$ cat coords24.tsv   # TSV, C-alpha atoms and all ligand atoms
chain	number	residue	atom	x	y	z
A	212	MET	CA	1.43	-25.57	-5.66
A	213	SER	CA	1.26	-24.17	-9.14
A	214	LYS	CA	3.78	-21.65	-10.40
A	215	LEU	CA	3.30	-18.60	-12.56
A	216	ARG	CA	5.24	-19.02	-15.81
A	217	ILE	CA	6.72	-15.73	-16.96
A	218	ALA	CA	8.42	-15.29	-20.34
A	219	VAL	CA	11.24	-12.81	-20.81
A	220	GLN	CA	13.35	-12.01	-23.83
A	221	LYS	CA	16.24	-14.47	-24.02
A	222	SER	CA	18.68	-11.94	-25.40
A	223	GLY	CA	18.32	-8.47	-26.78
A	224	ARG	CA	17.39	-5.06	-25.57
A	225	LEU	CA	14.71	-6.00	-23.06
A	226	ASN	CA	16.56	-8.80	-21.33
A	227	GLU	CA	18.68	-6.86	-18.88
A	228	ASP	CA	15.98	-4.46	-17.68
A	229	SER	CA	13.47	-7.32	-17.46
A	230	MET	CA	15.79	-9.30	-15.20
A	231	ARG	CA	16.48	-6.22	-13.11
A	232	LEU	CA	12.76	-5.64	-12.62
A	233	LEU	CA	12.24	-9.25	-11.53
A	234	LYS	CA	15.12	-8.89	-9.09
A	235	ASP	CA	13.73	-5.61	-7.75
A	236	ILE	CA	10.40	-7.26	-6.97
A	237	GLY	CA	12.17	-10.03	-5.08
A	238	ILE	CA	12.29	-12.71	-7.75
A	239	SER	CA	15.88	-13.85	-7.84
A	240	ILE	CA	17.07	-16.39	-10.34
A	241	ASP	CA	20.33	-18.19	-10.89
A	242	ASN	CA	20.65	-17.35	-14.51
A	243	GLY	CA	23.01	-19.73	-16.25
A	244	LYS	CA	23.22	-18.26	-19.75
A	245	ASP	CA	22.19	-21.48	-21.46
A	246	GLN	CA	19.29	-22.10	-19.18
A	247	LEU	CA	15.98	-21.68	-21.01
A	248	LYS	CA	13.87	-22.15	-17.91
A	249	ALA	CA	14.59	-21.27	-14.30
A	250	SER	CA	12.71	-21.37	-11.01
A	251	ALA	CA	12.71	-18.39	-8.69
A	252	LYS	CA	13.87	-18.82	-5.13
A	253	GLY	CA	11.20	-18.41	-2.48
A	254	PHE	CA	8.45	-17.44	-4.90
A	255	PRO	CA	6.11	-19.56	-7.06
A	256	VAL	CA	7.45	-18.34	-10.38
A	257	GLU	CA	9.20	-19.96	-13.31
A	258	VAL	CA	11.00	-17.81	-15.86
A	259	PHE	CA	11.20	-18.87	-19.51
A	260	TYR	CA	13.81	-17.29	-21.77
A	261	LEU	CA	12.31	-17.02	-25.24
A	262	ARG	CA	12.71	-15.31	-28.57
A	263	ASN	CA	10.80	-12.06	-28.67
A	264	GLY	CA	8.76	-12.94	-31.73
A	265	ASP	CA	7.67	-16.29	-30.28
A	266	ILE	CA	6.28	-14.89	-27.03
A	267	PRO	CA	2.83	-13.77	-28.32
A	268	GLN	CA	1.99	-17.29	-29.53
A	269	TYR	CA	3.09	-18.83	-26.22
A	270	LEU	CA	0.80	-16.40	-24.41
A	271	LYS	CA	-2.13	-17.15	-26.73
A	272	ASP	CA	-1.66	-20.89	-26.24
A	273	GLY	CA	-1.33	-20.52	-22.47
A	274	VAL	CA	2.09	-22.20	-22.55
A	275	VAL	CA	3.27	-19.23	-20.51
A	276	ASP	CA	1.02	-17.19	-18.21
A	277	ALA	CA	2.64	-13.78	-18.49
A	278	ALA	CA	5.48	-12.02	-20.26
A	279	ILE	CA	7.65	-8.97	-20.16
A	280	ILE	CA	7.64	-7.87	-23.75
A	281	GLY	CA	7.71	-4.86	-26.06
A	282	GLU	CA	4.26	-3.45	-26.67
A	283	ASN	CA	5.15	-3.15	-30.38
A	284	VAL	CA	5.49	-6.95	-30.63
A	285	LEU	CA	2.01	-7.41	-29.18
A	286	ILE	CA	0.56	-4.81	-31.52
A	287	GLU	CA	2.13	-6.73	-34.40
A	288	LYS	CA	0.96	-10.20	-33.43
A	289	GLY	CA	-0.61	-10.25	-29.99
A	290	GLU	CA	-4.33	-10.05	-30.66
A	291	GLY	CA	-6.35	-11.04	-27.59
A	292	ILE	CA	-3.44	-10.69	-25.18
A	293	ASN	CA	-3.99	-8.26	-22.31
A	294	ILE	CA	-1.49	-5.64	-21.25
A	295	VAL	CA	-1.76	-5.19	-17.49
A	296	GLU	CA	1.17	-2.85	-16.74
A	297	LYS	CA	3.38	-0.49	-18.66
A	298	LEU	CA	6.88	-0.93	-17.29
A	299	GLY	CA	8.58	2.34	-18.16
A	300	PHE	CA	11.69	0.97	-19.87
A	301	SER	CA	12.81	0.05	-23.40
A	302	SER	CA	10.96	2.95	-24.98
A	303	CYS	CA	11.05	2.97	-28.73
A	304	ARG	CA	8.94	3.90	-31.73
A	305	VAL	CA	8.00	2.04	-34.88
A	306	CYS	CA	8.95	4.33	-37.75
A	307	ILE	CA	9.11	4.64	-41.48
A	308	ALA	CA	12.57	5.65	-42.67
A	309	VAL	CA	13.97	6.41	-46.11
A	310	PRO	CA	17.45	7.22	-47.52
A	311	LYS	CA	18.63	10.65	-46.39
A	312	ALA	CA	18.64	12.07	-49.90
A	313	ASN	CA	15.02	11.06	-50.52
A	314	GLY	CA	12.70	14.07	-50.79
A	315	TYR	CA	9.91	12.30	-48.87
A	316	THR	CA	6.89	14.46	-48.08
A	317	SER	CA	4.20	11.99	-46.98
A	318	ILE	CA	3.36	8.30	-46.76
A	319	LYS	CA	1.62	8.67	-50.16
A	320	ASP	CA	5.12	8.86	-51.66
A	321	LEU	CA	5.47	5.15	-50.92
A	322	GLU	CA	2.69	4.19	-53.36
A	323	GLY	CA	3.99	1.26	-55.42
A	324	LYS	CA	7.29	1.22	-53.52
A	325	ARG	CA	9.01	-1.58	-51.61
A	326	ILE	CA	9.15	-1.41	-47.82
A	327	ALA	CA	11.39	-3.76	-45.82
A	328	THR	CA	10.13	-4.54	-42.32
A	329	SER	CA	9.89	-7.00	-39.45
A	330	TYR	CA	6.44	-5.58	-38.61
A	331	PRO	CA	4.27	-6.37	-41.67
A	332	ASN	CA	0.89	-6.19	-39.90
A	333	THR	CA	1.66	-2.87	-38.25
A	334	VAL	CA	2.84	-1.32	-41.53
A	335	GLN	CA	-0.03	-2.78	-43.56
A	336	ILE	CA	-2.63	-1.31	-41.20
A	337	TYR	CA	-0.92	2.08	-41.46
A	338	LEU	CA	-0.74	1.90	-45.27
A	339	ASP	CA	-4.40	0.83	-45.51
A	340	LYS	CA	-5.46	3.69	-43.25
A	341	ASN	CA	-3.71	6.08	-45.62
A	342	GLY	CA	-4.93	4.40	-48.81
A	343	VAL	CA	-1.42	3.52	-49.95
A	344	ASN	CA	-0.47	0.34	-51.83
A	345	ALA	CA	3.11	-0.76	-51.27
A	346	ASN	CA	5.03	-4.02	-51.46
A	347	LEU	CA	6.21	-5.34	-48.14
A	348	HIS	CA	9.42	-7.26	-47.91
A	349	ILE	CA	9.59	-9.14	-44.61
A	350	ILE	CA	13.00	-9.53	-42.95
A	351	ASN	CA	13.68	-10.48	-39.35
A	352	GLY	CA	16.68	-8.35	-38.49
A	353	SER	CA	19.18	-5.77	-39.80
A	354	VAL	CA	16.30	-4.17	-41.70
A	355	GLU	CA	18.20	-0.88	-42.08
A	356	ILE	CA	20.54	-2.43	-44.61
A	357	ALA	CA	17.73	-3.06	-47.13
A	358	PRO	CA	17.73	0.32	-48.94
A	359	ASN	CA	21.53	0.28	-49.23
A	360	ILE	CA	21.59	-3.07	-50.97
A	361	GLY	CA	18.75	-2.20	-53.30
A	362	LEU	CA	16.23	-4.45	-51.61
A	363	ALA	CA	13.75	-1.72	-50.66
A	364	ASP	CA	12.92	1.96	-51.08
A	365	ALA	CA	11.98	2.44	-47.44
A	366	ILE	CA	11.98	0.54	-44.18
A	367	CYS	CA	9.71	0.26	-41.18
A	368	ASP	CA	11.47	-0.75	-37.97
A	369	ILE	CA	11.88	0.19	-34.35
A	370	VAL	CA	13.96	3.24	-33.53
A	371	SER	CA	15.37	3.96	-30.10
A	372	SER	CA	18.43	6.22	-30.11
A	373	GLY	CA	18.32	6.64	-33.90
A	374	SER	CA	21.92	5.50	-34.18
A	375	THR	CA	21.21	2.53	-36.49
A	376	LEU	CA	19.31	4.79	-38.91
A	377	PHE	CA	22.11	7.33	-38.82
A	378	LYS	CA	24.81	4.76	-39.50
A	379	ASN	CA	22.88	3.46	-42.48
A	380	ASN	CA	22.22	6.88	-44.00
A	381	LEU	CA	18.51	6.77	-43.35
A	382	LYS	CA	16.14	9.36	-41.91
A	383	GLU	CA	13.00	8.87	-39.88
A	384	VAL	CA	10.00	10.32	-41.73
A	385	ASP	CA	6.88	8.93	-40.07
A	386	THR	CA	6.12	7.51	-36.62
A	387	ILE	CA	3.53	4.74	-36.69
A	388	LEU	CA	3.43	4.01	-32.97
A	389	LYS	CA	5.26	4.41	-29.68
A	390	SER	CA	6.14	1.47	-27.51
A	391	GLU	CA	7.70	0.42	-24.22
A	392	ALA	CA	8.11	-2.78	-22.24
A	393	VAL	CA	4.85	-4.08	-20.78
A	394	LEU	CA	3.60	-6.90	-18.60
A	395	ALA	CA	1.26	-9.00	-20.76
A	396	VAL	CA	-1.02	-11.81	-19.66
A	397	SER	CA	-2.29	-14.95	-21.35
A	398	PRO	CA	-6.05	-15.10	-22.01
A	399	LYS	CA	-5.85	-18.65	-20.59
A	400	LEU	CA	-4.51	-17.69	-17.16
A	401	ASN	CA	-6.21	-19.75	-14.43
A	402	LYS	CA	-7.52	-18.52	-11.05
A	403	GLU	CA	-4.71	-19.90	-8.93
A	404	ARG	CA	-2.03	-18.29	-11.06
A	405	GLN	CA	-4.07	-15.11	-11.33
A	406	ALA	CA	-3.50	-14.68	-7.58
A	407	ILE	CA	0.29	-14.98	-8.01
A	408	LEU	CA	0.13	-12.49	-10.87
A	409	GLU	CA	-1.71	-10.00	-8.68
A	410	THR	CA	1.04	-10.16	-6.05
A	411	ILE	CA	3.63	-9.57	-8.77
A	412	GLN	CA	1.67	-6.68	-10.24
A	413	PHE	CA	1.38	-5.09	-6.83
A	414	ARG	CA	5.13	-5.38	-6.28
A	415	ILE	CA	5.86	-3.99	-9.76
A	416	GLN	CA	3.67	-0.98	-9.07
A	417	SER	CA	5.59	-0.25	-5.84
A	418	VAL	CA	8.95	-0.61	-7.56
A	419	LEU	CA	7.94	1.65	-10.46
A	420	LYS	CA	6.62	4.27	-8.04
A	421	GLY	CA	9.96	4.22	-6.24
A	422	ARG	CA	11.82	4.73	-9.52
A	423	ASN	CA	9.95	7.90	-10.46
A	501	LIG	C1	16.90	-2.91	-33.16
A	501	LIG	C2	15.98	-2.36	-34.22
A	501	LIG	C3	16.79	-1.26	-34.82
A	501	LIG	C4	17.63	-0.75	-33.67
A	501	LIG	C5	17.10	0.54	-33.13
A	501	LIG	O1	17.77	-3.81	-33.76
A	501	LIG	O2	15.63	-3.37	-35.16
A	501	LIG	O3	17.60	-1.77	-35.83
A	501	LIG	O4	17.57	-1.76	-32.65
A	501	LIG	O5	17.91	1.05	-32.09
A	501	LIG	P1	18.67	2.43	-32.21
A	501	LIG	O6	17.70	3.44	-32.74
A	501	LIG	O7	19.06	2.73	-30.78
A	501	LIG	O8	19.85	2.24	-33.10
A	501	LIG	P2	18.67	-4.82	-32.96
A	501	LIG	O9	19.97	-4.21	-32.67
A	501	LIG	O10	17.90	-5.30	-31.78
A	501	LIG	O11	18.96	-6.02	-33.97
A	501	LIG	P3	18.08	-6.76	-35.11
A	501	LIG	O12	17.36	-5.76	-35.91
A	501	LIG	O13	19.12	-7.46	-35.95
A	501	LIG	O14	17.18	-7.70	-34.40
A	502	MG	MG	17.69	-3.82	-36.04
$ encode --input "coords24.tsv" --output "structure tokens" --more "lines below"
Ligand code: PRP
Ligand code: MG
Amino acid sequence: MSKLRIAVQKSGRLNEDSMRLLKDIGISIDNGKDQLKASAKGFPVEVFYLRNGDIPQYLKDGVVDAAIIGENVLIEKGEGINIVEKLGFSSCRVCIAVPKANGYTSIKDLEGKRIATSYPNTVQIYLDKNGVNANLHIINGSVEIAPNIGLADAICDIVSSGSTLFKNNLKEVDTILKSEAVLAVSPKLNKERQAILETIQFRIQSVLKGRN
């Protein structure tokens, strides 16, 4: 019998809540930390532990059938991937931030400036929409350090509690989008696995209802 292959974040902010949700819907996994793939007990599911940024491509290629992932990652590079459930955890926003002392008034102030980000597509679309030309500097993590080391004039990154911005003397000046964890599905999902997915979706809906 075929198994539904679900990707979750290997480590990071979504991992714990993702595993809790799977457990709450009756998918229990012996999770040895170094295990990159694990089978669920008593349910036709395999869980893959992957890097956040790699998950959209795995979904597109049909290497995994579904994923628990931040909506913001799909907006950045998940074209063609369907979101079938919003999961109500890991809320965050993708924001523009600048040094506290900066007298920022609007996105137009970033004309000709350097913006450090891990979300180049998301920022570029926002800049284009506002008719602003800026230079994007792509970095994969610790983006908030960029203005302090003279690498950028502004950043665009995810904000949750705001503590990382605060610690780095930055202020949030524009919100580009809001995000939360979602259940996403590969466009290549086959019929047999679709049926397993539907059972999972049904269970997720019941669990989320119970949490409210
Ligand atoms: C994420 C994100 C922000 C921070 C936001 O970084 O890139 O830096 O969390 O959360 P906060 O508003 O609650 O401080 P993460 O710690 O995941 O590390 P990374 O940027 O190095 O990947
Ligand atoms: Mg960060």
$ residues_near_ligand --input "coords24.tsv" --ligand "ligand LIG 501 (chain A)" --cutoff "6 Å" --atoms "only C-alpha atoms and all ligand atoms" --output "PyMOL selection string"
chain A and resi 223+352-353+368-375
$ axis_aligned_box --input "coords24.tsv" --around "range 344-357 of chain A" --padding-each-side "3 Å" --output "JSON"
{"center_x": 10.0, "center_y": -5.1, "center_z": -45.2, "size_x": 27.0, "size_y": 16.8, "size_z": 19.3}
$ residues_near_point --input "coords24.tsv" --point "(9.8, -9.7, -41.8)" --cutoff "6 Å" --atoms "only C-alpha atoms" --output "ChimeraX atom specification"
/A:328-329,349-351
$ atom_distance --input "coords24.tsv" --atom1 "CA of Ile326 in chain A" --atom2 "CA of Ala357 in chain A"
8.8 Å
$ closest_residue --input "coords24.tsv" --among "A:Val354, A:Ile217, A:Ala406, A:Ile411" --to "ligand MG 502 (chain A)" --atoms "only C-alpha atoms and all ligand atoms"
A:Val354
$ closest_residue --input "coords24.tsv" --among "A:Ile240, A:Val384, A:Leu233, A:Leu225" --to "Thr316 in chain A" --atoms "all atoms listed in the file"
A:Val384
$ residues_around --input "coords24.tsv" --residues "range 286-303 of chain A" --least-positions-apart "2" --cutoff "8 Å" --atoms "all atoms listed in the file" --output "ChimeraX atom specification"
/A:224-225,228,267-268,270-271,281-284,305,330-333,369-371,389-398,412,419
